[in-house]
Every structure is written in structure tokens, then in C-alpha cells.
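Trainee: File name data-v5.csv; file contents CSV, C-alpha atoms; full text below.
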chain,number,residue,atom,x,y,z
A,115,MET,CA,9.3,-67.8,11.2
A,116,GLY,CA,11.3,-68.3,8.0
A,117,GLU,CA,12.9,-65.4,6.2
A,118,GLU,CA,10.5,-65.5,3.3
A,119,LYS,CA,7.5,-65.6,5.6
A,120,ALA,CA,8.9,-62.6,7.5
A,121,ILE,CA,9.4,-60.6,4.3
A,122,GLU,CA,5.8,-61.5,3.2
A,123,THR,CA,4.4,-60.4,6.5
A,124,PHE,CA,6.2,-57.0,6.4
A,125,GLU,CA,5.1,-56.5,2.8
A,126,ARG,CA,1.5,-56.9,4.0
A,127,GLY,CA,2.0,-54.0,6.5
A,128,ALA,CA,3.4,-55.6,9.6
A,129,ILE,CA,5.8,-53.4,11.5
A,130,ASP,CA,7.2,-56.0,13.9
A,131,TYR,CA,6.9,-59.7,14.9
A,132,VAL,CA,7.4,-61.8,18.0
A,133,LEU,CA,8.6,-65.4,18.0
A,134,LYS,CA,6.6,-67.9,19.9
A,135,SER,CA,9.6,-68.6,22.0
A,136,ARG,CA,9.7,-65.0,23.1
A,137,LEU,CA,6.0,-64.3,23.9
A,138,SER,CA,7.2,-62.2,26.9
A,139,LYS,CA,8.0,-59.5,24.5
A,140,LEU,CA,4.5,-59.4,23.0
A,141,VAL,CA,3.0,-56.8,25.3
A,142,PRO,CA,5.8,-54.2,24.8
A,143,VAL,CA,5.7,-54.8,21.0
A,144,VAL,CA,1.9,-54.3,20.9
A,145,GLN,CA,2.1,-51.2,23.0
A,146,ARG,CA,4.8,-49.8,20.7
A,147,ALA,CA,2.7,-50.7,17.6
A,148,VAL,CA,-0.4,-49.0,19.1
A,149,ARG,CA,1.6,-45.9,20.0
A,150,GLU,CA,3.1,-45.7,16.5
A,151,ALA,CA,-0.3,-46.2,14.9
A,152,ARG,CA,-1.7,-43.3,16.9
A,153,GLU,CA,1.2,-41.1,16.0
A,154,ARG,CA,0.8,-42.0,12.3
A,155,ALA,CA,-3.0,-41.2,12.6
A,156,GLU,CA,-2.3,-37.9,14.2
A,157,ARG,CA,0.3,-37.0,11.7
A,158,LEU,CA,-2.0,-37.9,8.8
A,159,LYS,CA,-4.8,-35.8,10.5
A,160,GLN,CA,-2.5,-32.8,10.8
A,161,GLU,CA,-1.4,-33.2,7.2
A,162,GLN,CA,-5.0,-33.3,6.1
A,163,VAL,CA,-5.8,-30.2,8.1
A,164,LEU,CA,-2.8,-28.4,6.6
A,165,ARG,CA,-3.8,-29.4,3.0
A,166,GLU,CA,-7.4,-28.2,3.6
A,167,SER,CA,-6.1,-24.9,5.1
A,168,GLU,CA,-3.8,-24.4,2.1
A,169,GLU,CA,-6.6,-25.2,-0.3
A,170,ARG,CA,-8.9,-22.7,1.4
A,171,PHE,CA,-6.1,-20.1,1.4
A,172,ARG,CA,-5.4,-20.7,-2.3
A,173,ALA,CA,-9.1,-20.4,-3.1
A,174,LEU,CA,-9.3,-17.1,-1.2
A,175,VAL,CA,-6.2,-15.7,-2.8
A,176,GLU,CA,-7.2,-16.7,-6.3
A,177,GLY,CA,-10.6,-15.1,-5.8
A,178,VAL,CA,-9.3,-11.7,-4.7
A,179,LYS,CA,-9.5,-9.1,-7.5
A,180,ASP,CA,-8.6,-5.9,-5.7
A,181,TYR,CA,-5.1,-7.1,-4.9
A,182,ALA,CA,-2.5,-8.7,-7.1
A,183,ILE,CA,-1.1,-11.5,-5.0
A,184,CYS,CA,1.8,-13.7,-6.2
A,185,MET,CA,4.6,-15.7,-4.9
A,186,LEU,CA,8.2,-15.3,-5.9
A,187,ASP,CA,11.0,-17.8,-5.5
A,188,ARG,CA,14.3,-16.8,-3.8
A,189,GLU,CA,15.6,-15.2,-7.0
A,190,GLY,CA,12.5,-13.1,-7.5
A,191,ARG,CA,10.9,-15.2,-10.2
A,192,VAL,CA,7.1,-15.5,-10.2
A,193,SER,CA,5.9,-18.9,-9.0
A,194,SER,CA,2.1,-18.3,-8.5
A,195,TRP,CA,-0.5,-15.8,-9.8
A,196,ASN,CA,-4.0,-14.9,-8.7
A,197,THR,CA,-7.0,-13.4,-10.5
A,198,GLY,CA,-6.3,-9.9,-9.0
A,199,ALA,CA,-2.8,-10.1,-10.6
A,200,GLU,CA,-4.4,-10.8,-14.0
A,201,TRP,CA,-6.8,-7.9,-13.6
A,202,ILE,CA,-4.2,-5.4,-12.3
A,203,LYS,CA,-1.1,-6.3,-14.2
A,204,GLY,CA,-2.7,-7.7,-17.3
A,205,TYR,CA,-0.7,-11.0,-17.6
A,206,GLN,CA,-2.2,-14.4,-17.7
A,207,ALA,CA,-0.5,-17.0,-15.4
A,208,SER,CA,0.9,-18.8,-18.4
A,209,GLU,CA,2.6,-15.6,-19.6
A,210,ILE,CA,4.2,-14.6,-16.3
A,211,ILE,CA,5.1,-17.7,-14.3
A,212,GLY,CA,8.9,-18.1,-14.3
A,213,ARG,CA,9.6,-14.5,-15.2
A,214,HIS,CA,11.5,-12.1,-12.9
A,215,PHE,CA,9.2,-9.7,-11.1
A,216,SER,CA,11.3,-6.7,-12.2
A,217,CYS,CA,9.2,-6.8,-15.4
A,218,PHE,CA,6.5,-5.0,-13.4
A,219,TYR,CA,8.7,-1.9,-13.0
A,220,PRO,CA,9.5,1.0,-15.4
A,221,ARG,CA,12.8,0.9,-17.2
A,222,GLU,CA,14.2,3.7,-15.1
A,223,ALA,CA,13.5,1.7,-11.9
A,224,ILE,CA,15.0,-1.4,-13.3
A,225,ALA,CA,18.1,0.5,-14.4
A,226,SER,CA,18.5,1.9,-10.9
A,227,GLY,CA,18.3,-1.5,-9.3
A,228,LEU,CA,15.0,-0.9,-7.4
A,229,PRO,CA,13.6,-4.4,-7.7
A,230,GLU,CA,16.8,-6.0,-6.3
A,231,ARG,CA,17.0,-3.4,-3.5
A,232,ALA,CA,13.4,-4.2,-2.6
A,233,LEU,CA,14.1,-7.9,-2.2
A,234,ALA,CA,17.3,-7.2,-0.2
A,235,ARG,CA,15.4,-5.0,2.2
A,236,ALA,CA,12.7,-7.6,2.6
A,237,ILE,CA,15.3,-10.2,3.4
A,238,VAL,CA,16.9,-8.0,6.0
A,239,GLU,CA,13.9,-6.3,7.5
A,240,GLY,CA,11.3,-9.0,6.8
A,241,ARG,CA,9.1,-6.6,4.8
A,242,PHE,CA,9.4,-3.9,2.2
A,243,GLU,CA,6.6,-1.4,1.3
A,244,GLU,CA,6.5,1.6,-1.0
A,245,GLU,CA,4.2,3.5,-3.3
A,246,GLY,CA,5.4,4.2,-6.8
A,247,LEU,CA,4.9,3.7,-10.5
A,248,LEU,CA,4.6,0.2,-12.0
A,249,VAL,CA,4.0,-1.0,-15.5
A,250,ARG,CA,1.1,-3.1,-16.8
A,251,LYS,CA,1.4,-5.5,-19.7
A,252,GLY,CA,1.7,-3.3,-22.8
A,253,GLY,CA,3.7,-0.6,-21.0
A,254,LEU,CA,0.9,1.5,-19.4
A,255,GLU,CA,2.1,3.0,-16.1
A,256,TYR,CA,0.0,3.1,-13.0
A,257,TRP,CA,0.4,4.1,-9.3
A,258,ALA,CA,0.6,1.2,-6.9
A,259,ASN,CA,1.2,0.3,-3.3
A,260,VAL,CA,3.7,-2.6,-3.2
A,261,VAL,CA,4.4,-4.9,-0.2
A,262,ILE,CA,7.0,-7.6,-0.4
A,263,THR,CA,7.3,-10.1,2.5
A,264,ALA,CA,10.1,-12.6,3.0
A,265,LEU,CA,8.9,-16.1,3.6
A,266,ARG,CA,11.1,-18.4,5.7
A,267,ASP,CA,10.9,-22.1,6.8
A,268,GLN,CA,11.0,-23.3,10.4
A,269,GLN,CA,14.8,-23.2,10.4
A,270,GLY,CA,14.8,-19.6,9.2
A,271,GLY,CA,15.9,-20.4,5.7
A,272,LEU,CA,14.6,-18.1,2.9
A,273,ARG,CA,11.8,-19.9,0.9
A,274,GLY,CA,10.8,-17.0,-1.3
A,275,PHE,CA,8.7,-13.9,-1.2
A,276,ALA,CA,5.0,-12.9,-1.1
A,277,LEU,CA,4.3,-9.9,-3.4
A,278,VAL,CA,1.1,-8.0,-2.9
A,279,THR,CA,0.2,-5.1,-5.2
A,280,ARG,CA,-2.7,-2.7,-4.9
A,281,ASP,CA,-3.7,-0.2,-7.7
A,282,ILE,CA,-3.9,3.3,-6.1
A,283,THR,CA,-4.1,5.3,-9.4
A,284,ALA,CA,-7.7,6.4,-8.6
A,285,ARG,CA,-6.7,7.6,-5.2
A,286,LYS,CA,-3.7,9.5,-6.6
A,287,GLN,CA,-5.9,11.1,-9.2
A,288,ALA,CA,-8.5,12.1,-6.5
A,289,ASN,CA,-5.8,13.6,-4.4
A,290,ALA,CA,-4.4,15.6,-7.3
A,291,GLU,CA,-7.9,16.8,-8.1
A,292,ARG,CA,-8.5,17.8,-4.5
A,293,GLU,CA,-5.2,19.7,-4.4
A,294,HIS,CA,-6.2,21.5,-7.6
A,295,LEU,CA,-9.5,22.5,-6.2
A,296,ILE,CA,-7.9,23.8,-3.0
A,297,GLN,CA,-5.5,25.9,-5.1
A,298,GLU,CA,-8.4,27.3,-7.1
A,299,LEU,CA,-10.3,28.1,-3.9
A,300,HIS,CA,-7.3,29.9,-2.5
A,301,ALA,CA,-7.0,31.9,-5.8
A,302,ALA,CA,-10.8,32.7,-5.6
A,303,ILE,CA,-10.4,33.9,-2.1
A,304,SER,CA,-7.5,36.1,-3.1
A,305,ASP,CA,-9.5,37.5,-5.9
A,306,VAL,CA,-12.3,38.4,-3.5
A,307,LYS,CA,-9.9,40.3,-1.3
A,308,SER,CA,-8.4,42.1,-4.3
A,309,LEU,CA,-10.1,45.4,-5.3
A,310,SER,CA,-10.3,46.0,-9.0
A,311,GLY,CA,-12.4,48.0,-11.4
A,312,LEU,CA,-14.3,51.3,-10.7
A,313,LEU,CA,-14.7,52.2,-7.1
A,314,PRO,CA,-17.4,54.9,-6.5
A,315,LEU,CA,-16.1,57.5,-4.1
A,316,CYS,CA,-18.0,60.4,-2.7
A,317,ALA,CA,-16.3,63.6,-3.7
A,318,SER,CA,-17.3,65.3,-0.4
A,319,CYS,CA,-17.2,62.8,2.5
A,320,LYS,CA,-15.0,60.2,0.7
A,321,LYS,CA,-17.3,57.3,1.5
A,322,VAL,CA,-17.4,54.3,-0.9
A,323,ARG,CA,-20.5,52.8,-2.5
A,324,ASP,CA,-20.7,49.0,-2.7
A,325,TYR,CA,-22.4,47.0,-5.4
A,326,GLN,CA,-25.7,47.1,-3.4
A,327,GLY,CA,-25.7,50.9,-3.4
A,328,ARG,CA,-24.8,51.3,0.2
A,329,TRP,CA,-22.2,53.8,1.3
A,330,HIS,CA,-19.4,52.9,3.7
A,331,PRO,CA,-16.5,54.8,5.3
A,332,LEU,CA,-13.4,54.3,3.2
A,333,GLU,CA,-11.5,52.6,6.0
A,334,VAL,CA,-14.3,50.1,6.7
A,335,TYR,CA,-14.7,49.2,3.1
A,336,LEU,CA,-11.0,48.7,2.5
A,337,ARG,CA,-10.7,46.5,5.7
A,338,GLU,CA,-13.6,44.3,4.6
A,339,HIS,CA,-12.7,44.0,0.9
A,340,SER,CA,-8.9,43.8,0.9
A,341,GLU,CA,-6.0,42.5,2.9
A,342,ALA,CA,-4.8,46.1,3.5
A,343,THR,CA,-4.3,47.4,7.1
A,344,LEU,CA,-4.7,51.2,7.4
A,345,THR,CA,-2.6,53.4,9.7
A,346,HIS,CA,-3.2,57.0,10.4
A,347,GLU,CA,-0.5,59.5,9.5
A,348,PHE,CA,-0.2,63.1,8.0
A,349,CYS,CA,1.0,63.7,4.6
A,350,HIS,CA,3.6,66.4,4.1
A,351,GLU,CA,1.2,69.1,3.1
A,352,CYS,CA,-1.3,68.5,5.9
A,353,ALA,CA,1.5,68.3,8.4
A,354,GLN,CA,2.7,71.8,7.3
A,355,HIS,CA,-0.9,73.1,7.5
A,356,ILE,CA,-1.6,71.6,10.9
A,357,GLN,CA,1.7,72.6,12.6
A,358,PRO,CA,1.1,76.4,12.4
A,359,MET,CA,-2.4,75.9,13.8
A,360,ASN,CA,-1.1,74.0,16.8
A,361,SER,CA,1.6,76.6,17.4
A,362,ALA,CA,-1.1,79.4,17.3
A,363,GLY,CA,-3.2,77.5,19.8
So, in terms of C-alpha cells, how does the structure I just supplied come out?
Mentor:
Amino acid sequence: MGEEKAIETFERGAIDYVLKSRLSKLVPVVQRAVREARERAERLKQEQVLRESEERFRALVEGVKDYAICMLDREGRVSSWNTGAEWIKGYQASEIIGRHFSCFYPREAIASGLPERALARAIVEGRFEEEGLLVRKGGLEYWANVVITALRDQQGGLRGFALVTRDITARKQANAEREHLIQELHAAISDVKSLSGLLPLCASCKKVRDYQGRWHPLEVYLREHSEATLTHEFCHECAQHIQPMNSAG
């Protein structure tokens, strides 16, 4: 086979050739060609499966609205943006791609170095999570749960980060309202146990009349309507009066 013919054959897709004078090598060459063809087919199949998996994952992420999911490069710049991120943070993808994710934090957090510390912890520990205040486009603050995960290649090299944000403002407000109601309930209970206003007291037997018109021994009424605990003692005058009587007896 001439050189030009060999080049033409390879350009058409051949991966090897055997000279007629060396037909004994034909079988090994064919076996190798078949093996390499199978390997290429398997590799192409795996690549196709991977592409389809990535496309399904991308479609899933882009369709999620309850979570802001975006990818960051190794420096913390936004490299991808989903629908949930647009809803929660207020930015369109064209506005935010390429910007550093620290723009999601209040000025005080940026000044304190919180975004950089978050990435550093994710690199060391693999994951960083916290709840705190973030800022939407326009400057409106909101409560959020933030999870940053370090992404690495097969060799362990850092590829970037996955940033997942969930708006928990409604939950925080509900918790605050519940705490307020609990405090009001405690205050109401305290008021119930606090005696105030006029207290009808019998001038003779010293019983107390309740709001339903029933009379109760003073000790019983105080025990049921206050936090007071009664003990029995003698006042100074009674003690002086009782002591001579006991001595006479």
C-alpha cells in the first residue's frame, strides 16, 4: 500500500491496516479493532447517559421555585441561576451571572467577611449551613437558610460550590407570633391569679364572696385565686391575749 493510499484510508475512518504479505497479523488486528469499537460504543453510551442525566437534573433545578439554587465558581462568582433564585432573590440570570455571591448579604455581613468565611468552611468541612439575614434585589432583607456545598472533581480538586437558599421569613414571623402569644397567655394567667378591686368580706365570719355570690373561707379563696401560701401564726396582740389564758389553764 502506498503512502497516499494509506493516508486516504485513515481519513475514511480506518484505524489500522495489514499488508498482504503479513496476513498472519490479520486476526489480532481485527480483534483489536472490534475491542476498540466496543469500547468506543460503551464510552459514547455512557456519555449519552451522562448528558441525559445532566439535562434532567438541570430541568429539575430550573423548575424548582421554593429554593434558590445556583452554582458558584471557585472564587464565589455565580455561574448558574434557577427559577427559584429569580423568585427569592429578585435577580434575572442576565443580571447576576458573573457577580460575586456576597451581593446577597447585608453590608454588615460583607464588612465582617461572612461570605468568605462561609466558602472557607465549605472547602474545609465540605458543607456550610446557617440561618441569617440576606438581601433581595433592591435591598429588602429577609430570613434565609443557606447551604453551601463544595464541589470537587474525581481527583479531589475544587470545581466550585453549590449554593442553596430557602426563604424562611414566614417561619420566623410565625415563631415570633407564637412567642408573643405565649407571653400574652402567661400574662393573662398571672392576671387571673392576681387579686384586685373590691373583695366582699363578711364582717362577722370573715368569709369572702365570689362573683357568683357564693361565700368561701378566706384561706380557701386566697389559695384558689392567688399565688399566696398561708401559714398560721399569732399576731402580737393575740399572742398576749392567749398566753394568760394558757397560764390560767
Trainee: Write out, as CSV, each residue of segment 188-241 of chain A that has an atom at most 7 Å from segment 256-278 of chain A, together with the closest pair of atoms and their distance in Å to one decimal, counting all atoms listed in the file, rows going by chain and rising number.
Mentor:
residue,atom,partner,partner_atom,distance
A:Arg188,CA,A:Gly274,CA,4.3
A:Ala236,CA,A:Ala264,CA,5.6
A:Ile237,CA,A:Ala264,CA,5.7
A:Gly240,CA,A:Ala264,CA,5.4
A:Arg241,CA,A:Thr263,CA,4.6
Trainee: Report the distance between atom CA of Asp281 of chain A and atom CA of Glu189 of chain A in Å, rounded to one decimal place.
Mentor: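 Atom CA of Glu189 of chain A lies at a distance of 24.5 Å from atom CA of Asp281 of chain A.
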Trainee: What is the atom CA of Trp195 of chain A to atom CA of Tyr219 of chain A distance in Å?
Mentor: 17.0 Å
Trainee: Please measure the separation of atom CA of Pro331 of chain A and atom CA of Glu347 of chain A, giving the value in Å to one decimal.
Mentor: 17.2 Å
Trainee: Which of these, A:Leu233, A:Leu186, A:Leu228, A:Ala155, has the shortest distance to Ile211 of chain A once you count only C-alpha atoms?
Mentor: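 Using only C-alpha atoms, the shortest distance to Ile211 of chain A belongs to A:Leu186.
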Trainee: Would you kindly place N, CA and C atoms on segment 236-252 of chain A and return the model as a compact mmCIF listing (two decimals), in the coordinates of the input?
Mentor:
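Contents of the output file selection-v8.txt:
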# COMPACT_ATOMS: atom_id res chain seq x y z
N ALA A 236 13.60 -6.65 2.03
CA ALA A 236 12.70 -7.60 2.60
C ALA A 236 13.39 -8.75 3.30
N ILE A 237 14.53 -9.16 2.77
CA ILE A 237 15.30 -10.20 3.40
C ILE A 237 15.83 -9.75 4.77
N VAL A 238 16.34 -8.52 4.82
CA VAL A 238 16.90 -8.00 6.00
C VAL A 238 15.89 -7.61 7.07
N GLU A 239 14.86 -6.89 6.61
CA GLU A 239 13.90 -6.30 7.50
C GLU A 239 12.60 -7.18 7.63
N GLY A 240 12.47 -8.18 6.77
CA GLY A 240 11.30 -9.00 6.80
C GLY A 240 10.17 -8.53 5.90
N ARG A 241 10.21 -7.23 5.57
CA ARG A 241 9.10 -6.60 4.80
C ARG A 241 9.57 -5.37 4.12
N PHE A 242 9.08 -5.15 2.91
CA PHE A 242 9.40 -3.90 2.20
C PHE A 242 8.06 -3.38 1.64
N GLU A 243 7.88 -2.06 1.78
CA GLU A 243 6.60 -1.40 1.30
C GLU A 243 6.96 -0.06 0.72
N GLU A 244 6.31 0.27 -0.38
CA GLU A 244 6.50 1.60 -1.00
C GLU A 244 5.30 1.86 -1.93
N GLU A 245 5.15 3.14 -2.28
CA GLU A 245 4.20 3.50 -3.30
C GLU A 245 5.01 4.12 -4.47
N GLY A 246 4.65 3.71 -5.67
CA GLY A 246 5.40 4.20 -6.80
C GLY A 246 4.74 3.76 -8.12
N LEU A 247 5.40 4.07 -9.21
CA LEU A 247 4.90 3.70 -10.50
C LEU A 247 5.30 2.30 -10.91
N LEU A 248 4.34 1.52 -11.40
CA LEU A 248 4.60 0.20 -12.00
C LEU A 248 4.10 0.21 -13.42
N VAL A 249 4.33 -0.91 -14.11
CA VAL A 249 4.00 -1.00 -15.50
C VAL A 249 3.08 -2.22 -15.75
N ARG A 250 1.96 -2.01 -16.42
CA ARG A 250 1.10 -3.10 -16.80
C ARG A 250 1.64 -3.77 -18.08
N LYS A 251 1.08 -4.90 -18.41
CA LYS A 251 1.40 -5.50 -19.70
C LYS A 251 1.03 -4.53 -20.81
N GLY A 252 1.93 -4.28 -21.70
CA GLY A 252 1.70 -3.30 -22.80
C GLY A 252 2.39 -1.98 -22.50
